[in-house]
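Coordinates as given in work.txt (compact mmCIF, C-alpha atoms (C1' of nucleotides)):
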```
# COMPACT_ATOMS: atom_id res chain seq x y z
CA MET A 1 44.01 340.93 221.76
CA THR A 2 45.29 344.36 220.99
CA GLU A 3 49.00 345.10 220.85
CA GLN A 4 48.45 347.64 223.60
CA LEU A 5 46.99 345.05 225.98
CA ARG A 6 49.69 342.52 225.24
CA LYS A 7 52.29 345.18 226.02
CA PHE A 8 50.44 346.10 229.22
CA PHE A 9 50.72 342.52 230.52
CA SER A 10 54.42 342.09 229.66
CA ASP A 11 55.98 345.50 230.40
CA GLY A 12 57.62 345.59 233.84
CA THR A 13 57.57 343.01 236.63
CA THR A 14 54.37 341.16 237.47
CA ASP A 15 53.95 342.97 240.78
CA GLU A 16 54.23 346.30 238.94
CA ILE A 17 51.60 345.18 236.44
CA ALA A 18 49.30 344.08 239.29
CA LYS A 19 49.54 347.57 240.74
CA LYS A 20 48.88 349.22 237.35
CA LEU A 21 45.82 347.01 236.91
CA LEU A 22 43.99 348.69 239.82
CA GLY A 23 41.32 351.02 238.45
CA LYS A 24 41.20 349.41 235.00
CA LEU A 25 37.77 348.32 233.77
CA LEU A 26 37.05 344.58 233.61
CA VAL A 27 34.32 343.91 231.05
CA TYR A 28 32.27 340.73 230.55
CA HIS A 29 29.92 340.42 227.58
CA SER A 30 27.55 337.76 228.88
CA THR A 31 24.59 336.46 226.90
CA ALA A 32 22.34 338.18 229.46
CA GLY A 33 24.02 341.56 228.98
CA VAL A 34 27.20 343.50 229.62
CA MET A 35 28.66 343.59 233.11
CA SER A 36 31.73 345.56 234.10
CA GLY A 37 33.60 346.91 237.08
CA TYR A 38 36.73 348.77 238.12
CA ILE A 39 39.43 346.46 239.51
CA THR A 40 39.93 347.19 243.21
CA GLU A 41 42.13 344.34 244.44
CA THR A 42 44.82 342.18 242.79
CA GLU A 43 47.53 339.70 243.77
CA ALA A 44 50.76 338.99 241.88
CA TYR A 45 52.12 335.43 241.61
CA LEU A 46 55.72 335.29 240.53
CA GLY A 47 55.98 331.88 238.91
CA VAL A 48 58.64 329.24 239.37
CA LYS A 49 60.44 330.95 242.28
CA ASP A 50 57.25 331.83 244.22
CA THR A 51 56.48 329.05 246.73
CA THR A 52 52.80 330.08 246.84
CA ALA A 53 52.31 330.08 243.04
CA HIS A 54 50.57 327.31 241.09
CA ALA A 55 53.61 327.10 238.80
CA PHE A 56 56.17 326.96 241.63
CA ALA A 57 59.30 325.01 240.65
CA GLY A 58 58.00 324.74 237.10
CA LYS A 59 54.89 322.72 237.97
CA ARG A 60 52.89 322.28 234.78
CA THR A 61 49.60 320.38 234.44
CA PRO A 62 46.54 320.70 232.19
CA SER A 63 44.91 322.94 234.83
CA ASN A 64 47.63 325.54 235.11
CA GLU A 65 48.66 325.48 231.44
CA PRO A 66 47.18 328.96 230.77
CA LEU A 67 49.84 330.50 233.06
CA TYR A 68 52.39 329.47 230.42
CA GLY A 69 50.50 331.28 227.66
CA VAL A 70 51.13 334.65 226.01
CA PRO A 71 50.64 337.78 228.14
CA GLY A 72 46.92 338.39 228.61
CA THR A 73 45.86 334.73 228.55
CA VAL A 74 42.74 333.89 230.58
CA TYR A 75 43.44 331.50 233.49
CA ILE A 76 40.33 330.29 235.33
CA TYR A 77 40.84 327.71 238.08
CA SER A 78 38.70 326.12 240.75
CA ILE A 79 39.42 326.14 244.44
CA HIS A 80 37.14 325.00 247.28
CA SER A 81 34.34 324.57 244.73
CA ARG A 82 34.65 328.18 243.52
CA LEU A 83 36.16 329.66 240.39
CA CYS A 84 38.78 332.41 240.31
CA LEU A 85 40.01 334.61 237.48
CA ASP A 86 43.68 335.13 236.65
CA ILE A 87 45.54 336.89 233.85
CA ALA A 88 48.82 335.42 232.66
CA THR A 89 51.65 337.96 232.53
CA GLN A 90 55.09 337.96 230.90
CA ALA A 91 56.22 336.24 227.72
CA LYS A 92 54.95 332.83 226.67
CA ASP A 93 56.36 330.01 228.85
CA ILE A 94 57.02 332.33 231.80
CA PRO A 95 54.26 331.20 234.19
CA GLU A 96 53.53 334.37 236.16
CA GLY A 97 50.07 335.81 236.69
CA ILE A 98 47.71 338.15 238.48
CA LEU A 99 44.62 337.14 240.46
CA ILE A 100 41.70 339.56 240.28
CA ARG A 101 40.23 339.62 243.79
CA GLY A 102 37.72 342.48 243.68
CA ILE A 103 35.82 344.82 241.34
CA GLN A 104 33.55 347.82 241.86
CA PRO A 105 30.49 347.20 239.68
CA VAL A 106 29.80 349.73 236.92
CA GLN A 107 27.49 348.16 234.33
CA GLY A 108 24.97 345.38 234.88
CA ILE A 109 24.63 345.69 238.66
CA GLU A 110 21.06 344.29 238.57
CA LEU A 111 22.31 341.22 236.69
CA MET A 112 25.04 340.67 239.26
CA GLU A 113 22.53 340.95 242.10
CA GLN A 114 20.39 338.29 240.45
CA ASN A 115 23.35 336.00 239.92
CA ARG A 116 24.54 336.29 243.52
CA ALA A 117 21.31 336.81 245.40
CA LYS A 118 23.19 339.45 247.37
CA HIS A 119 23.56 343.19 247.13
CA GLY A 120 25.87 345.90 248.39
CA PHE A 121 29.60 345.48 248.82
CA ASP A 122 29.18 341.71 249.29
CA LEU A 123 28.47 341.46 245.55
CA THR A 124 32.07 341.45 244.28
CA ASN A 125 34.50 341.82 247.22
CA GLY A 126 36.27 338.49 246.73
CA PRO A 127 37.64 336.36 243.87
CA GLY A 128 34.98 333.64 244.02
CA LYS A 129 32.21 336.17 244.63
CA LEU A 130 32.94 338.24 241.54
CA MET A 131 32.90 335.14 239.36
CA GLU A 132 29.49 334.21 240.74
CA ALA A 133 28.29 337.79 240.16
CA LEU A 134 29.44 337.62 236.52
CA ASP A 135 27.84 334.17 236.21
CA ILE A 136 31.01 332.52 234.92
CA THR A 137 30.46 328.88 235.84
CA ASP A 138 32.99 326.93 233.80
CA LYS A 139 36.54 327.09 232.47
CA GLN A 140 35.68 327.29 228.77
CA MET A 141 37.48 330.61 228.29
CA ASN A 142 40.77 329.17 229.54
CA LEU A 143 43.70 329.62 227.13
CA LEU A 144 41.85 332.35 225.22
CA GLU A 145 43.11 335.92 225.43
CA PHE A 146 41.44 338.96 226.97
CA GLY A 147 39.79 340.84 224.13
CA ASP A 148 39.42 337.67 222.03
CA THR A 149 36.63 336.25 224.19
CA LYS A 150 33.72 337.64 226.22
CA LEU A 151 36.21 338.96 228.75
CA ASP A 152 38.11 342.19 228.14
CA ILE A 153 40.15 344.80 229.95
CA ASP A 154 39.28 348.36 228.94
CA LEU A 155 42.40 350.46 229.48
CA ALA A 156 40.76 353.67 228.22
CA HIS A 157 37.91 353.83 230.73
CA SER A 158 39.87 353.64 233.94
CA LYS A 159 40.05 355.34 237.30
CA THR A 160 43.18 356.35 239.21
CA PRO A 161 43.64 355.20 242.82
CA GLU A 162 44.37 357.97 245.32
CA LYS A 163 46.55 355.55 247.26
CA ILE A 164 47.56 351.91 246.86
CA ILE A 165 48.15 349.67 249.88
CA SER A 166 50.12 346.42 249.61
CA THR A 167 49.78 343.50 252.04
CA GLY A 168 50.58 339.81 252.23
CA ARG A 169 48.50 337.55 250.02
CA ILE A 170 45.27 335.98 251.30
CA GLY A 171 44.70 332.26 251.77
CA VAL A 172 48.20 331.11 250.81
CA SER A 173 50.20 328.69 252.92
CA THR A 174 51.70 330.52 255.90
CA GLN A 175 54.84 328.43 255.66
CA GLY A 176 57.77 330.13 254.03
CA SER A 177 58.61 333.79 253.60
CA TRP A 178 56.79 334.19 250.26
CA SER A 179 53.39 334.28 252.03
CA GLU A 180 54.36 337.51 253.77
CA LYS A 181 55.72 339.33 250.74
CA PRO A 182 53.61 342.40 249.86
CA TYR A 183 52.15 341.16 246.58
CA ARG A 184 48.49 341.92 247.32
CA PHE A 185 47.44 345.36 246.14
CA ILE A 186 44.25 347.22 247.07
CA VAL A 187 42.76 350.63 246.37
CA ALA A 188 42.89 352.26 249.82
CA GLY A 189 39.39 353.08 251.08
CA ASN A 190 37.48 351.19 248.39
CA PRO A 191 34.66 349.11 249.92
CA TYR A 192 34.71 346.39 247.23
CA VAL A 193 37.83 344.80 248.72
CA SER A 194 37.99 341.56 250.72
CA LYS A 195 38.38 341.76 254.49
CA VAL A 196 38.11 345.56 254.59
CA THR A 197 36.52 347.00 257.74
CA LYS A 198 33.81 349.64 257.67
CA ARG A 199 36.20 351.96 259.49
CA ASP A 200 38.68 351.80 256.59
CA MET A 201 36.11 352.48 253.87
CA ASN A 202 36.02 355.90 252.25
CA LEU A 203 32.40 356.13 251.11
CA THR A 204 32.87 359.59 249.62
CA THR A 205 35.58 358.96 247.05
CA TYR A 206 35.76 355.13 247.15
CA GLY A 207 39.53 355.71 247.07
CA TRP A 208 39.70 357.20 243.53
CA LYS A 209 41.23 360.50 242.51
C1' DC B 1 32.30 343.26 264.11
C1' DG B 2 35.98 339.97 264.29
C1' DG B 3 37.44 335.16 264.69
C1' DC B 4 36.71 330.46 263.63
C1' DG B 5 35.14 326.18 261.67
C1' DG B 6 32.48 323.54 258.37
C1' DA B 7 31.04 322.91 253.53
C1' DT B 8 32.57 321.43 249.18
C1' DG B 9 34.47 319.56 244.71
C1' DA B 10 38.15 319.37 241.39
C1' DA B 11 42.81 318.04 240.66
C1' DC B 12 46.79 315.79 241.84
C1' DT B 13 49.64 311.81 244.23
C1' DG C 1 43.23 310.15 250.32
C1' DT C 2 44.90 314.83 250.59
C1' DT C 3 45.22 319.44 249.33
C1' DC C 4 43.72 323.90 248.46
C1' DA C 5 45.29 331.59 245.39
C1' DT C 6 37.33 330.49 249.22
C1' DC C 7 32.84 331.69 251.36
C1' DC C 8 29.41 332.06 254.86
C1' DG C 9 27.22 331.80 259.10
C1' DC C 10 27.57 331.36 263.93
C1' DC C 11 29.07 332.79 268.19
C1' DG C 12 30.96 335.72 271.67
C1' DA C 13 32.02 340.40 273.10
```

Re-express the file's structure as structure tokens.
Amino acid sequence: MTEQLRKFFSDGTTDEIAKKLLGKLLVYHSTAGVMSGYITETEAYLGVKDTTAHAFAGKRTPSNEPLYGVPGTVYIYSIHSRLCLDIATQAKDIPEGILIRGIQPVQGIELMEQNRAKHGFDLTNGPGKLMEALDITDKQMNLLEFGDTKLDIDLAHSKTPEKIISTGRIGVSTQGSWSEKPYRFIVAGNPYVSKVTKRDMNLTTYGWK
DNA sequence: CGGCGGATGAACT
DNA sequence: GTTCATCCGCCGA
């Protein structure tokens, strides 16, 4: 991984990094071709003190080991028979991370439509959905770093959100105050975001400047 | 178009 | 056996 990327994933707090990640280009070099999309929705998980995080209270197992890796480590995990994509943030052994929950397709849209057998905003407006669209079906890239595997974050080709909205995180246990903390970040008006209503979509600008 | 419940499988206890 | 950082389709308005 480049020095610039490593710095990106360790400068500032994890919730700040999650916000900065909106609009950056996620790139996947699959054997079938290149697919990419602008990141539209993220969630920050703040490690050992965060009751909703996989590494809460220092929990460490083979599955969540990538969270303990260097900034920019790929963390793929399965949940309800789906896969989700995380990026480890902060220095090695600090188990914080960011879940990528939505992307707006840029390259390889036809490939994604084949992989998902869906089209339109349903293609990539959820963490499990975007993994199916990219056709990532196993955890082989775990512990590798963005830029050193088929996955990359392109900081140069990015868009700037007009407005960022923060909400509570989706699908986490409703017990405890951490579930209500505003650590989910979305590009306001972008249609490739989970649980967004048609009324809230801005189909002219998609929420970018 | 929003709310709700069932499917589903890996990982941990 | 239980627990999920999910998705989809059905149903009612």

TODO: Find the residues around region 1-6 of chain B up to 12 Å (only C-alpha atoms (C1' of nucleotides) counted), leave out those fewer than 6 positions away in its own chain, and share them as a list of chain:residue names.
DONE: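 Contacts, with the query itself left out: A:Lys195, A:Val196, A:Thr197, A:Lys198, A:Arg199, C:DC7, C:DC8, C:DG9, C:DC10, C:DC11, C:DG12, C:DA13.
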
- [ ] Excluding DA10 (chain B) and any residue of its chain fewer than 3 positions from it, enumerate the residues within 8 Å of it, using all atoms listed in the file, and give them as a count of residues only.
- [x] 3

Task: Atom pair CA of Arg169 (chain A) / CA of Ala44 (chain A): separation (Å) - done: 8.6 Å

Open item on the list: Residues of chain C within 9 Å of chain A, counting all atoms listed in the file, what are they? List them as a VMD selection string.
Closed with: chain C and resid 4 to 7

Saved selection, atoms kept: C-alpha atoms (C1' of nucleotides), as an mmCIF file, keeping the file's coordinate frame:
```cif
data_model
loop_
_atom_site.group_PDB
_atom_site.id
_atom_site.type_symbol
_atom_site.label_atom_id
_atom_site.label_comp_id
_atom_site.auth_asym_id
_atom_site.auth_seq_id
_atom_site.Cartn_x
_atom_site.Cartn_y
_atom_site.Cartn_z
ATOM 1 C "C1'" DC C 4 43.720 323.900 248.460
ATOM 2 C "C1'" DA C 5 45.290 331.590 245.390
ATOM 3 C "C1'" DT C 6 37.330 330.490 249.220
ATOM 4 C "C1'" DC C 7 32.840 331.690 251.360
#
```

Counting all atoms listed in the file, which residues of chain B sit at most 8 Å from some atom of chain A, and what is each one's closest atom pair with its distance in Å to one decimal, listed by chain and rising residue number, as a Markdown table?
```
| residue | atom | partner | partner_atom | distance |
| --- | --- | --- | --- | --- |
| B:DT8 | C1' | A:Ser81 | CA | 5.7 |
| B:DG9 | C1' | A:Ser81 | CA | 5.0 |
| B:DA10 | C1' | A:Ser78 | CA | 6.8 |
| B:DA11 | C1' | A:Ser63 | CA | 7.9 |
```

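Distances here use all atoms listed in the file; by that measure, the residue among A:Ile17, A:Ala57, A:Val70, A:Ile100 closest to Tyr192 (chain A) is A:Ile100.
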
Task: Nearby residues (only C-alpha atoms (C1' of nucleotides)) at most 12 Å from Phe56 (chain A), same-chain spacing under 4 positions excluded, as a list in words - done: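 Once the adjacent positions are removed, what remains is Tyr45, Leu46, Gly47, Val48, Lys49, Asp50, Thr51, Thr52, Arg60, Thr61, Asn64, Leu67, Ile94, Pro95, Glu96, Gly97 and Trp178 of chain A.
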
Task: Separation of CA of Asn142 (chain A) from CA of Pro66 (chain A) in Å - done: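 Value for the CA of Pro66 (chain A)-CA of Asn142 (chain A) distance: 6.5 Å.
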